[in-house]
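Undergrad: Pasting a structure here, questions to come.
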Amino acid sequence: LNPDDVETVTVLKDASAPIYGSRAANGVILVTTKKGGGVSQANYNYYNGVQNPTTMPDAIWDPIQYMRLKNQALANQGTQLPNYSDEEIAEYELGMKTDPYTYPSNNWFDIALKNGNIQKHNLSFGGSSETYQYRLSLGYLNRDGIIIGPSDNEKKYSLGFNASLNVSKRLKVGASIDGYYRHYDYPFYGGNFFQYLSRSLPILTDTLADGRYGNSWLRTPGRNNWENPRMIAETGNYRKIVQRFLASVFGEYKLPWDITYNVRFGADKYDGL
């Protein structure tokens, strides 16, 4: 459901929940959507926001400090050979002053993550009289993720409609449909982007002067395949398309002694597993 279409949300966890069947054993959430009321009118609202990373791991992005601490950690566990020799560390520290491509000092959280823009548009039409009520709503969401590159985006189109008609003093009929079409993209490189990002090291070059994705000349045990986060974010994506529609029609007839007979038929269509 489009959040703009929601009127009320009710949680049932008491004895009234079992009337909804065995799947309601842990409770039921009832969502009531908005209906048209009063003189026919149109409403539009717009939202623009920004999402960004909040709490990130306190990682070490100084390459000299990283190499020395990694060697110290290996020594603490009894490993005789360090990952980085004193000569390599000294060469790196000197090279950082003149050659940032060969001797980078990269904070990959700052490089690979960004602020993501969010836009939402909602347009609705509705009204009612003594014999009918109706409401039609259209929604659009465009949300950029926090990963750099073109492969982190979501677009969603939503539709909501409900109407009812008093055919006579006793008979009332109506119909409703709610649904959305959504597609989103994310980087695809045989795994989770954030898993690769969390493994990034400050000695990994971002991009070279000619625009090619960088690597590292330092040999690091266990890191024979350097996964450059920028390369993963910018070269290849996976698109998932999801659509779902809930539709129902109903008839309501008032019998004598204030007894109401209600018949409802519904359909639920979901694509996108």
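Ordered as shown in the structure tokens, chains take letters A, B, and onward, while each chain numbers its residues from 1 and ligands are numbered from 1 in the order shown.
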Write out as a VMD selection string the residues lying within 6 Å of Gly174 (chain A), counting only C-alpha atoms and excluding same-chain residues fewer than 3 positions away.

TA: chain A and resid 163 to 164 249 to 250

Undergrad: With C-alpha atoms kept, could you save the residues just selected as a PDB file, in the first residue's frame?

TA:
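Generated output (result26.pdb):
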ATOM      1  CA  ALA A 163     -15.823   3.050  -4.687  1.00  0.00           C
ATOM      2  CA  SER A 164     -19.241   2.092  -3.394  1.00  0.00           C
ATOM      3  CA  VAL A 249     -15.722  -6.598  -5.012  1.00  0.00           C
ATOM      4  CA  PHE A 250     -18.471  -6.773  -2.450  1.00  0.00           C
TER       5      PHE A 250
END

Undergrad: Could you build a table of the residues in region 161-242 of chain A lying no more than 12 Å from region 102-121 of chain A, giving for each the nearest pair of atoms and their separation in Å rounded to one decimal place, using only C-alpha atoms, ordered by chain and ascending residue number, as JSON lines?

TA:
{"residue": "A:Pro187", "atom": "CA", "partner": "A:Ala112", "partner_atom": "CA", "distance": 11.9}
{"residue": "A:Phe193", "atom": "CA", "partner": "A:Ala112", "partner_atom": "CA", "distance": 10.0}
{"residue": "A:Phe194", "atom": "CA", "partner": "A:Ala112", "partner_atom": "CA", "distance": 9.8}
{"residue": "A:Tyr196", "atom": "CA", "partner": "A:Trp108", "partner_atom": "CA", "distance": 10.6}
{"residue": "A:Leu197", "atom": "CA", "partner": "A:Trp108", "partner_atom": "CA", "distance": 7.2}
{"residue": "A:Ser198", "atom": "CA", "partner": "A:Phe109", "partner_atom": "CA", "distance": 8.6}
{"residue": "A:Arg199", "atom": "CA", "partner": "A:Trp108", "partner_atom": "CA", "distance": 9.7}
{"residue": "A:Ser200", "atom": "CA", "partner": "A:Trp108", "partner_atom": "CA", "distance": 6.7}
{"residue": "A:Leu201", "atom": "CA", "partner": "A:Trp108", "partner_atom": "CA", "distance": 7.6}
{"residue": "A:Pro202", "atom": "CA", "partner": "A:Asn106", "partner_atom": "CA", "distance": 4.6}
{"residue": "A:Ile203", "atom": "CA", "partner": "A:Pro104", "partner_atom": "CA", "distance": 5.6}
{"residue": "A:Leu204", "atom": "CA", "partner": "A:Pro104", "partner_atom": "CA", "distance": 6.7}
{"residue": "A:Thr205", "atom": "CA", "partner": "A:Pro104", "partner_atom": "CA", "distance": 5.7}
{"residue": "A:Asp206", "atom": "CA", "partner": "A:Asn106", "partner_atom": "CA", "distance": 7.5}
{"residue": "A:Thr207", "atom": "CA", "partner": "A:Pro104", "partner_atom": "CA", "distance": 10.1}
{"residue": "A:Leu208", "atom": "CA", "partner": "A:Thr102", "partner_atom": "CA", "distance": 8.7}
{"residue": "A:Ala209", "atom": "CA", "partner": "A:Thr102", "partner_atom": "CA", "distance": 10.5}
{"residue": "A:Gly214", "atom": "CA", "partner": "A:Thr102", "partner_atom": "CA", "distance": 9.0}
{"residue": "A:Asn215", "atom": "CA", "partner": "A:Thr102", "partner_atom": "CA", "distance": 8.9}
{"residue": "A:Ser216", "atom": "CA", "partner": "A:Thr102", "partner_atom": "CA", "distance": 7.5}
{"residue": "A:Trp217", "atom": "CA", "partner": "A:Thr102", "partner_atom": "CA", "distance": 7.5}
{"residue": "A:Leu218", "atom": "CA", "partner": "A:Tyr103", "partner_atom": "CA", "distance": 9.6}
{"residue": "A:Glu227", "atom": "CA", "partner": "A:Trp108", "partner_atom": "CA", "distance": 11.8}
{"residue": "A:Asn228", "atom": "CA", "partner": "A:Trp108", "partner_atom": "CA", "distance": 9.5}
{"residue": "A:Pro229", "atom": "CA", "partner": "A:Ala112", "partner_atom": "CA", "distance": 6.5}
{"residue": "A:Arg230", "atom": "CA", "partner": "A:Ala112", "partner_atom": "CA", "distance": 6.3}
{"residue": "A:Met231", "atom": "CA", "partner": "A:Ala112", "partner_atom": "CA", "distance": 9.9}
{"residue": "A:Ile232", "atom": "CA", "partner": "A:Ala112", "partner_atom": "CA", "distance": 9.8}
{"residue": "A:Ala233", "atom": "CA", "partner": "A:Ala112", "partner_atom": "CA", "distance": 7.9}
{"residue": "A:Glu234", "atom": "CA", "partner": "A:Ala112", "partner_atom": "CA", "distance": 10.3}

Undergrad: Identify which of the residues A:Val6, A:Ala59, A:Arg170, A:Thr131 lies closest to Pro256 (chain A), counting only C-alpha atoms when measuring atom-to-atom distances.

TA: A:Arg170

Undergrad: Taking into account only C-alpha atoms, which residue in the set A:Gln133, A:Thr235, A:Asn224, A:Asn262 is nearest to Ser151 (chain A)?

TA: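 Nearest candidate to Ser151 (chain A) out of A:Gln133, A:Thr235, A:Asn224, A:Asn262: A:Thr235.
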
Undergrad: Can you measure CA of Phe161 (chain A) to CA of Tyr134 (chain A) for me? One decimal in Å is fine.

TA: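 Atom-to-atom, CA of Phe161 (chain A) to CA of Tyr134 (chain A), that is 7.5 Å.
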
Undergrad: Can you list, as a ChimeraX atom specification, all residues belonging to region 41-269 of chain A that DSSP tags as alpha helix (DSSP H)?

TA: /A:63-76,86-95,108-112,193-198,229-234

Undergrad: Residues within 9 Å of Val31 (chain A), please, as a PDB file with N, CA, C and O atoms, in the first residue's frame. Count only C-alpha atoms; anything in the same chain fewer than 2 positions from it doesn't count.

TA:
ATOM      1  N   VAL A   6      -3.234   5.201   3.491  1.00  0.00           N
ATOM      2  CA  VAL A   6      -3.609   4.538   4.745  1.00  0.00           C
ATOM      3  C   VAL A   6      -4.377   5.500   5.645  1.00  0.00           C
ATOM      4  O   VAL A   6      -3.926   6.623   5.919  1.00  0.00           O
ATOM      5  N   GLU A   7      -5.533   5.052   6.104  1.00  0.00           N
ATOM      6  CA  GLU A   7      -6.358   5.834   7.038  1.00  0.00           C
ATOM      7  C   GLU A   7      -6.028   5.455   8.477  1.00  0.00           C
ATOM      8  O   GLU A   7      -5.712   6.317   9.302  1.00  0.00           O
ATOM      9  N   THR A   8      -6.117   4.147   8.799  1.00  0.00           N
ATOM     10  CA  THR A   8      -5.834   3.673  10.154  1.00  0.00           C
ATOM     11  C   THR A   8      -5.139   2.319  10.079  1.00  0.00           C
ATOM     12  O   THR A   8      -5.267   1.586   9.094  1.00  0.00           O
ATOM     13  N   VAL A   9      -4.400   1.998  11.139  1.00  0.00           N
ATOM     14  CA  VAL A   9      -3.766   0.693  11.306  1.00  0.00           C
ATOM     15  C   VAL A   9      -4.169   0.156  12.676  1.00  0.00           C
ATOM     16  O   VAL A   9      -3.980   0.834  13.694  1.00  0.00           O
ATOM     17  N   THR A  10      -4.743  -1.049  12.702  1.00  0.00           N
ATOM     18  CA  THR A  10      -5.218  -1.656  13.946  1.00  0.00           C
ATOM     19  C   THR A  10      -4.539  -2.997  14.144  1.00  0.00           C
ATOM     20  O   THR A  10      -4.470  -3.810  13.216  1.00  0.00           O
ATOM     21  N   VAL A  11      -4.037  -3.237  15.346  1.00  0.00           N
ATOM     22  CA  VAL A  11      -3.381  -4.502  15.676  1.00  0.00           C
ATOM     23  C   VAL A  11      -4.290  -5.299  16.609  1.00  0.00           C
ATOM     24  O   VAL A  11      -4.685  -4.808  17.667  1.00  0.00           O
ATOM     25  N   ILE A  29      -2.946  -7.634  11.698  1.00  0.00           N
ATOM     26  CA  ILE A  29      -2.830  -6.190  11.459  1.00  0.00           C
ATOM     27  C   ILE A  29      -3.864  -5.802  10.413  1.00  0.00           C
ATOM     28  O   ILE A  29      -3.825  -6.300   9.288  1.00  0.00           O
ATOM     29  N   THR A  33      -7.932   1.762   4.340  1.00  0.00           N
ATOM     30  CA  THR A  33      -7.511   2.788   3.392  1.00  0.00           C
ATOM     31  C   THR A  33      -8.508   3.953   3.385  1.00  0.00           C
ATOM     32  O   THR A  33      -9.658   3.812   3.798  1.00  0.00           O
TER      33      THR A  33
END

Undergrad: Find the residue from A:Gln72, A:Glu87, A:Val167, A:Ile64 that sits nearest to Glu252 (chain A); use only C-alpha atoms when measuring.

TA: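 Counting only C-alpha atoms, the residue closest to Glu252 (chain A) is A:Val167.
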
Undergrad: So which residues touch Gln243 (chain A) within 10 Å, counting only C-alpha atoms, skipping near sequence neighbours fewer than 4 positions away, as a list in words?

TA: Lys156, Tyr157, Ser158, Gly179, Tyr180, Tyr181, Arg182, His183, Lys269, Tyr270, Asp271, Gly272 and Leu273 of chain A

Undergrad: Those residues with all heavy atoms, as an mmCIF file, in the first residue's frame please?

TA:
data_model
loop_
_atom_site.group_PDB
_atom_site.id
_atom_site.type_symbol
_atom_site.label_atom_id
_atom_site.label_comp_id
_atom_site.auth_asym_id
_atom_site.auth_seq_id
_atom_site.Cartn_x
_atom_site.Cartn_y
_atom_site.Cartn_z
ATOM 1 N N LYS A 156 9.004 3.307 -7.970
ATOM 2 C CA LYS A 156 7.780 2.606 -7.590
ATOM 3 C C LYS A 156 6.573 3.428 -8.016
ATOM 4 O O LYS A 156 6.509 4.635 -7.757
ATOM 5 C CB LYS A 156 7.746 2.377 -6.075
ATOM 6 C CG LYS A 156 6.537 1.595 -5.582
ATOM 7 C CD LYS A 156 6.623 1.373 -4.079
ATOM 8 C CE LYS A 156 5.434 0.581 -3.557
ATOM 9 N NZ LYS A 156 5.522 0.383 -2.079
ATOM 10 N N TYR A 157 5.619 2.754 -8.685
ATOM 11 C CA TYR A 157 4.374 3.378 -9.127
ATOM 12 C C TYR A 157 3.226 2.669 -8.416
ATOM 13 O O TYR A 157 3.126 1.434 -8.475
ATOM 14 C CB TYR A 157 4.212 3.255 -10.642
ATOM 15 C CG TYR A 157 5.417 3.722 -11.434
ATOM 16 C CD1 TYR A 157 6.487 2.870 -11.688
ATOM 17 C CD2 TYR A 157 5.479 5.021 -11.923
ATOM 18 C CE1 TYR A 157 7.592 3.291 -12.399
ATOM 19 C CE2 TYR A 157 6.578 5.450 -12.645
ATOM 20 C CZ TYR A 157 7.642 4.591 -12.879
ATOM 21 O OH TYR A 157 8.740 5.004 -13.587
ATOM 22 N N SER A 158 2.378 3.419 -7.762
ATOM 23 C CA SER A 158 1.297 2.804 -6.985
ATOM 24 C C SER A 158 -0.062 3.329 -7.428
ATOM 25 O O SER A 158 -0.195 4.454 -7.923
ATOM 26 C CB SER A 158 1.487 3.064 -5.483
ATOM 27 O OG SER A 158 1.530 4.448 -5.209
ATOM 28 N N GLY A 179 -2.456 -1.547 -5.624
ATOM 29 C CA GLY A 179 -1.330 -2.247 -6.214
ATOM 30 C C GLY A 179 -0.164 -1.331 -6.492
ATOM 31 O O GLY A 179 -0.234 -0.107 -6.333
ATOM 32 N N TYR A 180 0.931 -1.949 -6.893
ATOM 33 C CA TYR A 180 2.115 -1.181 -7.232
ATOM 34 C C TYR A 180 2.969 -1.947 -8.230
ATOM 35 O O TYR A 180 2.888 -3.171 -8.359
ATOM 36 C CB TYR A 180 2.950 -0.866 -5.985
ATOM 37 C CG TYR A 180 3.556 -2.079 -5.312
ATOM 38 C CD1 TYR A 180 4.787 -2.605 -5.740
ATOM 39 C CD2 TYR A 180 2.919 -2.705 -4.240
ATOM 40 C CE1 TYR A 180 5.348 -3.710 -5.123
ATOM 41 C CE2 TYR A 180 3.466 -3.808 -3.622
ATOM 42 C CZ TYR A 180 4.687 -4.309 -4.061
ATOM 43 O OH TYR A 180 5.237 -5.416 -3.447
ATOM 44 N N TYR A 181 3.751 -1.203 -8.952
ATOM 45 C CA TYR A 181 4.781 -1.738 -9.844
ATOM 46 C C TYR A 181 6.093 -1.124 -9.413
ATOM 47 O O TYR A 181 6.221 0.102 -9.332
ATOM 48 C CB TYR A 181 4.468 -1.384 -11.297
ATOM 49 C CG TYR A 181 5.561 -1.768 -12.273
ATOM 50 C CD1 TYR A 181 5.596 -3.032 -12.846
ATOM 51 C CD2 TYR A 181 6.551 -0.860 -12.615
ATOM 52 C CE1 TYR A 181 6.603 -3.384 -13.738
ATOM 53 C CE2 TYR A 181 7.552 -1.205 -13.508
ATOM 54 C CZ TYR A 181 7.576 -2.464 -14.063
ATOM 55 O OH TYR A 181 8.577 -2.808 -14.932
ATOM 56 N N ARG A 182 7.075 -1.953 -9.109
ATOM 57 C CA ARG A 182 8.320 -1.469 -8.522
ATOM 58 C C ARG A 182 9.505 -2.146 -9.192
ATOM 59 O O ARG A 182 9.476 -3.355 -9.446
ATOM 60 C CB ARG A 182 8.315 -1.776 -7.025
ATOM 61 C CG ARG A 182 9.623 -1.528 -6.298
ATOM 62 C CD ARG A 182 9.485 -1.918 -4.830
ATOM 63 N NE ARG A 182 10.724 -1.743 -4.095
ATOM 64 C CZ ARG A 182 11.295 -2.679 -3.355
ATOM 65 N NH1 ARG A 182 10.732 -3.879 -3.245
ATOM 66 N NH2 ARG A 182 12.425 -2.447 -2.709
ATOM 67 N N HIS A 183 10.524 -1.388 -9.491
ATOM 68 C CA HIS A 183 11.774 -2.000 -9.937
ATOM 69 C C HIS A 183 12.941 -1.292 -9.265
ATOM 70 O O HIS A 183 12.908 -0.082 -9.028
ATOM 71 C CB HIS A 183 11.923 -1.968 -11.468
ATOM 72 C CG HIS A 183 12.055 -0.614 -12.074
ATOM 73 N ND1 HIS A 183 13.234 0.118 -12.059
ATOM 74 C CD2 HIS A 183 11.158 0.176 -12.706
ATOM 75 C CE1 HIS A 183 13.058 1.260 -12.674
ATOM 76 N NE2 HIS A 183 11.810 1.340 -13.068
ATOM 77 N N LYS A 269 -2.650 -10.817 -6.658
ATOM 78 C CA LYS A 269 -1.688 -11.183 -7.700
ATOM 79 C C LYS A 269 -0.324 -10.602 -7.343
ATOM 80 O O LYS A 269 -0.180 -9.399 -7.131
ATOM 81 C CB LYS A 269 -2.130 -10.653 -9.060
ATOM 82 C CG LYS A 269 -1.248 -11.106 -10.223
ATOM 83 C CD LYS A 269 -1.760 -10.578 -11.551
ATOM 84 C CE LYS A 269 -0.983 -11.163 -12.725
ATOM 85 N NZ LYS A 269 0.466 -10.830 -12.651
ATOM 86 N N TYR A 270 0.656 -11.486 -7.282
ATOM 87 C CA TYR A 270 2.018 -11.056 -6.929
ATOM 88 C C TYR A 270 3.020 -11.678 -7.885
ATOM 89 O O TYR A 270 3.016 -12.889 -8.088
ATOM 90 C CB TYR A 270 2.348 -11.476 -5.481
ATOM 91 C CG TYR A 270 3.758 -11.114 -5.051
ATOM 92 C CD1 TYR A 270 4.040 -9.835 -4.628
ATOM 93 C CD2 TYR A 270 4.762 -12.059 -5.070
ATOM 94 C CE1 TYR A 270 5.321 -9.488 -4.224
ATOM 95 C CE2 TYR A 270 6.058 -11.723 -4.689
ATOM 96 C CZ TYR A 270 6.334 -10.441 -4.249
ATOM 97 O OH TYR A 270 7.603 -10.112 -3.864
ATOM 98 N N ASP A 271 3.854 -10.862 -8.470
ATOM 99 C CA ASP A 271 4.943 -11.314 -9.339
ATOM 100 C C ASP A 271 6.228 -10.667 -8.854
ATOM 101 O O ASP A 271 6.276 -9.466 -8.628
ATOM 102 C CB ASP A 271 4.703 -10.903 -10.798
ATOM 103 C CG ASP A 271 3.480 -11.587 -11.389
ATOM 104 O OD1 ASP A 271 3.301 -12.781 -11.132
ATOM 105 O OD2 ASP A 271 2.706 -10.914 -12.093
ATOM 106 N N GLY A 272 7.255 -11.480 -8.749
ATOM 107 C CA GLY A 272 8.529 -10.894 -8.363
ATOM 108 C C GLY A 272 9.311 -11.675 -7.339
ATOM 109 O O GLY A 272 10.191 -11.149 -6.683
ATOM 110 N N LEU A 273 8.989 -12.969 -7.179
ATOM 111 C CA LEU A 273 9.744 -13.777 -6.223
ATOM 112 C C LEU A 273 11.189 -13.906 -6.668
ATOM 113 O O LEU A 273 11.482 -13.988 -7.838
ATOM 114 C CB LEU A 273 9.101 -15.163 -6.082
ATOM 115 C CG LEU A 273 7.727 -15.218 -5.414
ATOM 116 C CD1 LEU A 273 7.196 -16.635 -5.420
ATOM 117 C CD2 LEU A 273 7.824 -14.718 -3.983
#

Undergrad: Mind checking DSSP for region 122-266 of chain A and telling me the strand (DSSP E or B) residues as a ChimeraX atom specification?

TA: /A:122-128,132-144,147,153-166,171-187,207,213,237-255,259-266

Undergrad: I want to know what sits within 7 Å of Tyr238 (chain A), based on only C-alpha atoms, with residues of the same chain fewer than 3 positions away left out; could you give that as a list in words?

TA: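 Here the answer would be Asp185, Tyr186, Pro187 and Phe188 of chain A.
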
Undergrad: Let me make sure I understand: among A:Asn52, A:Lys172, A:Gly38, A:Asn43, which one has the smallest atom-to-atom distance to Ile148 (chain A) if we use only C-alpha atoms?

TA: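 The shortest atom-to-atom distance to Ile148 (chain A) comes from A:Asn52.
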
Undergrad: Hey, can you check how far CA of Ala24 (chain A) sits from CA of Leu12 (chain A)?

TA: 9.1 Å

Undergrad: Using only C-alpha atoms, pick whichever of A:Asn162, A:Asn142, A:Ser128, A:Ser137 has the shortest atom-to-atom distance to Ala175 (chain A).

TA: A:Asn162

Undergrad: Let me make sure I understand: among A:Leu165, A:Tyr189, A:Asp268, A:Glu93, which one has the smallest atom-to-atom distance to Tyr66 (chain A) if we use only C-alpha atoms?

TA: A:Glu93

Undergrad: Hey, can you check how far CA of Gly36 (chain A) sits from CA of Ser176 (chain A)?

TA: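 Taking CA of Gly36 (chain A) as the start and CA of Ser176 (chain A) as the end point, the length is 12.3 Å.
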